[in-house]
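Participant: Structure file final-v1.csv (CSV, C-alpha atoms) right here:
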```
chain,number,residue,atom,x,y,z
P,493,MET,CA,-25.1,-29.1,-39.4
P,494,LEU,CA,-22.9,-30.5,-36.6
P,495,ASP,CA,-22.7,-29.3,-33.0
P,496,PHE,CA,-21.4,-30.4,-29.6
P,497,PRO,CA,-23.9,-30.2,-26.7
P,498,ASN,CA,-22.0,-29.8,-23.5
P,499,ALA,CA,-22.6,-30.8,-19.9
P,500,LYS,CA,-23.0,-28.6,-16.8
P,501,ILE,CA,-22.1,-28.9,-13.2
P,502,ASN,CA,-23.9,-27.5,-10.2
P,503,LEU,CA,-22.0,-25.3,-7.8
P,504,GLY,CA,-24.2,-25.8,-4.7
P,505,LEU,CA,-27.8,-27.1,-5.0
P,506,LEU,CA,-30.4,-26.1,-2.4
P,507,VAL,CA,-33.9,-27.7,-2.5
P,508,THR,CA,-36.0,-24.9,-1.0
P,509,GLU,CA,-39.6,-26.0,-1.1
P,510,LYS,CA,-42.2,-28.4,-2.6
P,511,ARG,CA,-44.4,-26.7,-5.2
P,512,PRO,CA,-48.2,-27.2,-5.5
P,513,ASP,CA,-47.6,-28.6,-9.0
P,514,GLY,CA,-45.5,-31.5,-7.6
P,515,PHE,CA,-42.1,-30.0,-8.7
P,516,HIS,CA,-39.6,-28.5,-6.3
P,517,ASN,CA,-38.1,-25.0,-6.1
P,518,LEU,CA,-34.3,-25.0,-6.0
P,519,GLU,CA,-31.4,-22.6,-6.0
P,520,SER,CA,-28.1,-23.5,-7.7
P,521,CYS,CA,-25.4,-22.1,-9.9
P,522,PHE,CA,-25.2,-23.8,-13.3
P,523,TYR,CA,-21.7,-23.8,-14.8
P,524,PRO,CA,-21.0,-25.2,-18.3
P,525,VAL,CA,-18.2,-27.7,-18.8
P,526,ARG,CA,-16.7,-29.1,-22.0
P,527,TRP,CA,-17.7,-32.8,-21.7
P,528,CYS,CA,-19.7,-33.0,-24.9
P,529,ASP,CA,-22.1,-35.1,-27.0
P,530,ALA,CA,-22.3,-34.7,-30.8
P,531,LEU,CA,-25.5,-33.8,-32.6
P,532,GLU,CA,-25.9,-33.6,-36.4
P,533,ILE,CA,-29.1,-32.4,-38.1
P,534,VAL,CA,-29.5,-32.5,-41.9
P,535,PRO,CA,-32.4,-32.2,-44.3
P,536,ALA,CA,-33.8,-35.6,-45.3
P,537,GLU,CA,-36.6,-37.2,-47.3
P,538,LYS,CA,-38.3,-38.3,-44.1
P,539,GLU,CA,-37.9,-37.8,-40.4
P,540,THR,CA,-35.3,-40.2,-38.9
P,541,PHE,CA,-33.4,-40.3,-35.7
P,542,THR,CA,-30.3,-42.5,-35.0
P,543,MET,CA,-27.9,-42.8,-32.1
P,544,SER,CA,-24.4,-44.1,-31.3
P,545,GLY,CA,-22.1,-44.0,-28.4
P,546,LEU,CA,-23.4,-44.7,-24.9
P,547,PRO,CA,-26.6,-46.7,-24.9
P,548,VAL,CA,-29.7,-44.6,-24.1
P,549,PRO,CA,-32.5,-46.5,-22.3
P,550,GLY,CA,-36.1,-46.0,-23.4
P,551,ASN,CA,-37.9,-45.6,-26.7
P,552,PRO,CA,-35.8,-43.5,-29.2
P,553,ASP,CA,-39.0,-42.0,-30.4
P,554,THR,CA,-39.3,-40.1,-27.1
P,555,ASN,CA,-35.7,-38.6,-27.2
P,556,LEU,CA,-35.6,-35.0,-26.4
P,557,CYS,CA,-33.9,-34.1,-29.7
P,558,LEU,CA,-36.9,-35.4,-31.6
P,559,LYS,CA,-39.2,-33.7,-29.1
P,560,ALA,CA,-37.4,-30.4,-29.8
P,561,TYR,CA,-37.9,-30.9,-33.6
P,562,ARG,CA,-41.6,-31.7,-33.2
P,563,LEU,CA,-42.1,-28.8,-30.8
P,564,LEU,CA,-40.8,-26.3,-33.4
P,565,GLN,CA,-42.7,-28.1,-36.1
P,566,GLN,CA,-45.9,-27.2,-34.4
P,567,ASP,CA,-45.2,-23.5,-35.1
P,568,PHE,CA,-43.1,-23.7,-38.3
P,569,LYS,CA,-43.4,-25.7,-41.5
P,570,LEU,CA,-40.2,-27.6,-41.0
P,571,PRO,CA,-39.2,-30.1,-43.7
P,572,PRO,CA,-38.1,-33.6,-42.6
P,573,VAL,CA,-34.7,-34.0,-41.1
P,574,HIS,CA,-32.3,-36.7,-40.1
P,575,LEU,CA,-31.0,-36.3,-36.6
P,576,HIS,CA,-28.0,-38.3,-35.3
P,577,LEU,CA,-26.9,-38.1,-31.7
P,578,HIS,CA,-23.6,-39.5,-30.6
P,579,LYS,CA,-23.9,-39.9,-26.8
P,580,VAL,CA,-20.8,-39.3,-24.7
P,581,ILE,CA,-22.2,-37.6,-21.5
P,582,PRO,CA,-23.6,-40.3,-19.2
P,583,MET,CA,-27.2,-40.4,-18.3
P,584,GLY,CA,-28.5,-40.2,-14.7
P,585,ALA,CA,-25.4,-38.4,-13.7
P,586,GLY,CA,-26.7,-34.9,-12.9
P,587,LEU,CA,-24.7,-33.4,-15.8
P,588,GLY,CA,-27.7,-32.2,-17.9
P,589,GLY,CA,-26.6,-34.0,-21.1
P,590,GLY,CA,-30.2,-34.8,-22.3
P,591,SER,CA,-31.2,-31.2,-21.7
P,592,ALA,CA,-28.2,-29.9,-23.5
P,593,ASP,CA,-29.0,-32.2,-26.5
P,594,ALA,CA,-32.6,-30.7,-26.7
P,595,ALA,CA,-31.4,-27.1,-26.4
P,596,PHE,CA,-28.7,-27.5,-29.0
P,597,ALA,CA,-31.3,-29.2,-31.3
P,598,LEU,CA,-33.5,-26.1,-31.0
P,599,LYS,CA,-30.5,-23.8,-31.8
P,600,GLN,CA,-29.4,-25.9,-34.7
P,601,LEU,CA,-32.9,-26.0,-36.2
P,602,ASN,CA,-33.2,-22.3,-35.7
P,603,GLY,CA,-30.1,-21.7,-37.7
P,604,LEU,CA,-30.6,-24.4,-40.3
P,605,PHE,CA,-34.0,-23.1,-41.3
P,606,ASP,CA,-33.6,-19.4,-40.7
P,607,LEU,CA,-36.4,-19.3,-38.1
P,608,ASN,CA,-34.9,-16.0,-36.6
P,609,LEU,CA,-35.8,-17.0,-33.0
P,610,ASN,CA,-34.0,-14.9,-30.5
P,611,GLU,CA,-32.5,-16.4,-27.3
P,612,ASP,CA,-35.5,-15.4,-25.2
P,613,GLN,CA,-37.8,-17.2,-27.6
P,614,LEU,CA,-35.5,-20.3,-27.7
P,615,GLU,CA,-35.5,-20.4,-23.9
P,616,ASN,CA,-39.3,-20.4,-23.9
P,617,TYR,CA,-39.3,-23.4,-26.2
P,618,ALA,CA,-36.6,-25.1,-24.2
P,619,ARG,CA,-38.6,-24.8,-20.9
P,620,GLN,CA,-41.3,-26.9,-22.5
P,621,LEU,CA,-38.8,-29.7,-22.9
P,622,GLY,CA,-37.3,-29.9,-19.4
P,623,SER,CA,-36.5,-27.8,-16.3
P,624,ASP,CA,-32.8,-27.1,-17.1
P,625,CYS,CA,-33.0,-27.2,-20.9
P,626,ALA,CA,-33.3,-23.4,-21.1
P,627,PHE,CA,-29.9,-23.0,-19.5
P,628,PHE,CA,-28.1,-24.4,-22.5
P,629,ILE,CA,-29.5,-21.8,-24.9
P,630,ARG,CA,-27.1,-19.1,-23.6
P,631,ASN,CA,-24.8,-21.6,-22.0
P,632,LYS,CA,-23.3,-19.2,-19.5
P,633,PRO,CA,-23.0,-19.4,-15.7
P,634,VAL,CA,-26.2,-18.4,-13.9
P,635,ILE,CA,-28.0,-18.7,-10.6
P,636,ALA,CA,-31.0,-20.9,-11.4
P,637,VAL,CA,-34.1,-20.7,-9.2
P,638,GLU,CA,-37.7,-22.0,-9.1
P,639,LYS,CA,-37.7,-25.3,-11.1
P,640,GLY,CA,-34.2,-24.5,-12.4
P,641,ASP,CA,-35.5,-22.7,-15.4
P,642,VAL,CA,-35.5,-19.1,-14.2
P,643,PHE,CA,-32.1,-17.5,-14.3
P,644,GLN,CA,-30.2,-14.7,-12.6
P,645,PRO,CA,-26.9,-13.4,-13.9
P,646,VAL,CA,-23.8,-14.1,-11.8
P,647,GLU,CA,-20.3,-12.9,-12.1
P,648,LEU,CA,-18.2,-16.0,-11.8
P,649,ASP,CA,-15.1,-17.0,-13.8
P,650,LEU,CA,-13.4,-20.3,-13.0
P,651,SER,CA,-11.2,-20.3,-16.1
P,652,GLY,CA,-7.8,-21.8,-15.2
P,653,TYR,CA,-9.3,-24.4,-13.0
P,654,THR,CA,-9.1,-28.0,-14.0
P,655,CYS,CA,-12.4,-29.9,-13.5
P,656,VAL,CA,-12.3,-33.6,-13.0
P,657,ILE,CA,-15.7,-35.4,-13.2
P,658,VAL,CA,-16.1,-39.0,-12.0
P,659,TYR,CA,-19.2,-41.0,-12.9
P,660,PRO,CA,-19.3,-44.4,-11.1
P,661,GLY,CA,-22.0,-45.9,-13.3
P,662,ILE,CA,-24.8,-45.4,-10.7
P,663,HIS,CA,-28.0,-44.2,-12.4
P,664,ILE,CA,-30.0,-42.1,-10.0
P,665,THR,CA,-33.5,-41.2,-11.2
P,666,THR,CA,-35.0,-37.8,-10.3
P,667,ALA,CA,-37.8,-39.6,-8.4
P,668,GLU,CA,-35.3,-41.5,-6.2
P,669,ALA,CA,-33.2,-38.4,-5.5
P,670,TYR,CA,-36.2,-36.1,-4.6
P,671,GLY,CA,-37.9,-38.9,-2.7
P,672,ASN,CA,-35.3,-38.6,0.1
P,673,ILE,CA,-35.1,-34.8,0.3
P,674,THR,CA,-36.6,-32.6,3.0
P,675,PRO,CA,-36.8,-29.1,1.5
P,676,LYS,CA,-35.6,-26.2,3.6
P,677,ARG,CA,-35.2,-22.5,3.1
P,678,PRO,CA,-31.5,-21.4,3.3
P,679,SER,CA,-30.3,-18.7,5.6
P,680,CYS,CA,-28.1,-17.3,2.8
P,681,GLY,CA,-28.3,-17.4,-0.9
P,682,ILE,CA,-25.7,-19.3,-3.0
P,683,GLU,CA,-24.5,-16.1,-4.7
P,684,MET,CA,-23.1,-14.9,-1.4
P,685,TYR,CA,-21.0,-18.1,-1.1
P,686,LEU,CA,-19.8,-17.9,-4.6
P,687,LYS,CA,-18.2,-14.5,-3.9
P,688,GLN,CA,-15.8,-16.2,-1.4
P,689,ASP,CA,-12.6,-17.9,-2.4
P,690,VAL,CA,-13.1,-21.3,-4.0
P,691,ARG,CA,-11.0,-22.9,-1.2
P,692,VAL,CA,-13.6,-22.0,1.5
P,693,TRP,CA,-16.6,-23.3,-0.5
P,694,LYS,CA,-16.0,-26.7,1.1
P,695,GLU,CA,-17.4,-25.4,4.3
P,696,MET,CA,-20.4,-23.5,3.0
P,697,LEU,CA,-21.4,-24.5,-0.5
P,698,HIS,CA,-23.4,-27.7,-0.4
P,699,ASN,CA,-25.6,-30.0,-2.6
P,700,ASP,CA,-28.6,-31.1,-0.6
P,701,PHE,CA,-28.8,-34.3,-2.5
P,702,GLU,CA,-25.5,-35.5,-0.9
P,703,GLU,CA,-27.1,-35.8,2.5
P,704,ALA,CA,-29.9,-37.9,1.0
P,705,LEU,CA,-27.9,-40.1,-1.3
P,706,PHE,CA,-24.4,-40.6,0.2
P,707,PRO,CA,-25.7,-43.0,3.0
P,708,ARG,CA,-27.3,-45.1,0.3
P,709,TYR,CA,-24.3,-45.0,-2.0
P,710,PRO,CA,-21.2,-44.7,0.1
P,711,GLU,CA,-18.9,-45.0,-2.9
P,712,LEU,CA,-20.1,-41.4,-3.8
P,713,ALA,CA,-18.7,-40.1,-0.6
P,714,GLY,CA,-15.6,-42.0,-1.2
P,715,ILE,CA,-15.1,-40.4,-4.6
P,716,LYS,CA,-15.5,-37.0,-3.1
P,717,ALA,CA,-13.0,-37.7,-0.4
P,718,GLN,CA,-10.5,-39.0,-3.0
P,719,LEU,CA,-10.8,-35.8,-5.0
P,720,TYR,CA,-10.1,-33.7,-1.9
P,721,GLY,CA,-7.2,-36.0,-1.1
P,722,ALA,CA,-5.8,-35.4,-4.5
P,723,GLY,CA,-5.8,-31.6,-3.8
P,724,ALA,CA,-9.1,-30.3,-5.0
P,725,ASP,CA,-10.0,-26.9,-3.8
P,726,TYR,CA,-13.7,-27.9,-4.0
P,727,ALA,CA,-15.5,-31.1,-4.7
P,728,SER,CA,-19.2,-31.9,-4.9
P,729,MET,CA,-21.9,-34.0,-6.4
P,730,THR,CA,-23.5,-32.4,-9.4
P,731,GLY,CA,-27.3,-32.2,-9.8
P,732,SER,CA,-29.1,-35.1,-8.3
P,733,GLY,CA,-26.1,-37.3,-9.0
P,734,SER,CA,-24.3,-39.5,-9.3
P,735,ALA,CA,-21.4,-37.7,-10.9
P,736,ILE,CA,-18.9,-36.1,-8.5
P,737,TYR,CA,-16.5,-33.4,-9.6
P,738,GLY,CA,-13.5,-31.7,-8.2
P,739,LEU,CA,-12.0,-28.3,-9.0
P,740,PHE,CA,-8.2,-28.2,-9.1
P,741,LYS,CA,-5.8,-25.2,-9.4
P,742,GLU,CA,-3.2,-27.7,-10.7
P,743,GLU,CA,-4.0,-30.8,-12.8
P,744,PRO,CA,-4.0,-33.8,-10.5
P,745,THR,CA,-1.8,-36.8,-11.4
P,746,ASP,CA,-2.5,-39.3,-8.7
P,747,LEU,CA,-6.2,-40.1,-9.3
P,748,PHE,CA,-7.1,-43.8,-9.9
P,749,PHE,CA,-10.6,-45.2,-10.2
P,750,PRO,CA,-12.1,-48.6,-11.2
P,751,GLY,CA,-12.1,-49.3,-14.9
P,752,HIS,CA,-15.9,-49.2,-15.2
P,753,TYR,CA,-16.0,-45.5,-14.0
P,754,LEU,CA,-16.3,-42.8,-16.6
P,755,LEU,CA,-13.8,-40.0,-16.1
P,756,TRP,CA,-13.6,-36.5,-17.8
P,757,LYS,CA,-10.9,-34.0,-17.2
P,758,GLY,CA,-10.6,-30.5,-18.7
P,759,LEU,CA,-10.1,-26.8,-18.2
P,760,LEU,CA,-13.0,-24.6,-17.3
```
Taking this structure as input, can you express it in the form of structure tokens?

Facilitator:
Amino acid sequence: MLDFPNAKINLGLLVTEKRPDGFHNLESCFYPVRWCDALEIVPAEKETFTMSGLPVPGNPDTNLCLKAYRLLQQDFKLPPVHLHLHKVIPMGAGLGGGSADAAFALKQLNGLFDLNLNEDQLENYARQLGSDCAFFIRNKPVIAVEKGDVFQPVELDLSGYTCVIVYPGIHITTAEAYGNITPKRPSCGIEMYLKQDVRVWKEMLHNDFEEALFPRYPELAGIKAQLYGAGADYASMTGSGSAIYGLFKEEPTDLFFPGHYLLWKGLL
């Protein structure tokens, strides 16, 4: 079985408070985009996991796809499988690629072995793998709160917009990003801002990590400025960075970035 786990962008990201368990509460709108990895799972004589595409740091045995398989294996008598992940979505970019891989692994295994898990049950498994994994089960725009794993429906349709995502190759760890954040409660929720025209989001819809990370990585601010200069209605860093995206009513033709940057462009 072959599937294509997709990335997401954050439309606004507010870090609202530090939790007693050491995590942070946040508020953000998660929106799916079509920058995709590829994941294939097939029955096999023994459990194996292979990767291709972008190099993934760390021990492959700890990959979230394998963790998803082993999590379900605790409750179901799953036979051995071979998992192959072709990595296209960059890591440390704030795009949720690893979380998407884990969620799609759960969904594939559910279908492959007729586990008959509904979406609520799949989300509960996904929450055990990572804070934003559960989003990719339904894979629809939501307002995410608490650790980013509790969702509220939102009416938002950006179809027709071209999204340009620029990843400059700067890997920002979650610890680094949160280490420079001062949580604060917002005066207004993100959903209120999303009801406004996209062209006025620039003045009101913010990612709190930009304030912490742009002074340390000025090239990120430069990318954002370049996207606005090319005509973006809205531009922002996604997640805790370092990818920067722009939303364009008309596809831009005058964007040029260094050769080592990764660039994705597509319709929402």

Participant: At what distance in Å, to one decimal, does atom CA of P:Asp700 lie from atom CA of P:Met684?

Facilitator: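 Taking atom CA of P:Met684 as the start and atom CA of P:Asp700 as the end point, the length is 17.1 Å.
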
Participant: In terms of the shortest atom-to-atom distance over only C-alpha atoms, which of P:Asp495, P:Lys741, P:Gly504, P:Phe749 is closest to P:Glu695?

Facilitator: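 Among the listed residues, the smallest separation from P:Glu695 belongs to P:Gly504.
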
Participant: Using all atoms listed in the file, determine which residues lie at most 10 Å from stretch 705-710 of chain P, disregarding the query and same-chain residues fewer than 5 positions distant; provide the list as a PyMOL selection string.

Facilitator: chain P and resi 662+664+668-670+672-673+700+715+729+732-734

Participant: For stretch 685-687 of chain P, work out the shell of residues within 8 Å, counting only C-alpha atoms and skipping chain neighbours fewer than 6 positions away, then give it as a list in words.

Facilitator: Leu648, Trp693, Met696 and Leu697 of chain P

Participant: Between atom CA of P:Ala724 and atom CA of P:Gly652, what is the distance in Å, rounded to a tenth?

Facilitator: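 Computed distance, atom CA of P:Ala724 to atom CA of P:Gly652, equals 13.3 Å.
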
Participant: So that I can check the surroundings of P:Ala597, please list as JSON, numbers by chain every protein, DNA and RNA residue that reaches within 12 Å of it, counting all atoms listed in the file and ignoring chain neighbours fewer than 6 positions away.

Facilitator: {"P": [493, 494, 495, 496, 497, 529, 530, 531, 532, 533, 534, 555, 556, 557, 558, 559, 560, 561, 562, 563, 564, 573, 574, 575, 576, 577, 590, 591, 603, 604, 614, 617, 618, 621, 625, 626, 628, 629]}

Participant: Between P:Tyr653, P:Phe740, P:Phe568, P:Tyr720, which residue has the minimum interatomic distance to P:Leu601, considering only C-alpha atoms?

Facilitator: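 When distances to P:Leu601 are compared using only C-alpha atoms, the smallest one comes from P:Phe568.
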
Participant: Show me, as a list of chain:residue names, the residues that have an atom within 8 Å of P:Ser728 when counting only C-alpha atoms, minus same-chain residues fewer than 2 positions from it.

Facilitator: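 Selected residues are P:Leu503, P:Gly504, P:His698, P:Asn699, P:Lys716, P:Tyr726, P:Thr730, P:Ile736, P:Tyr737, P:Gly738.
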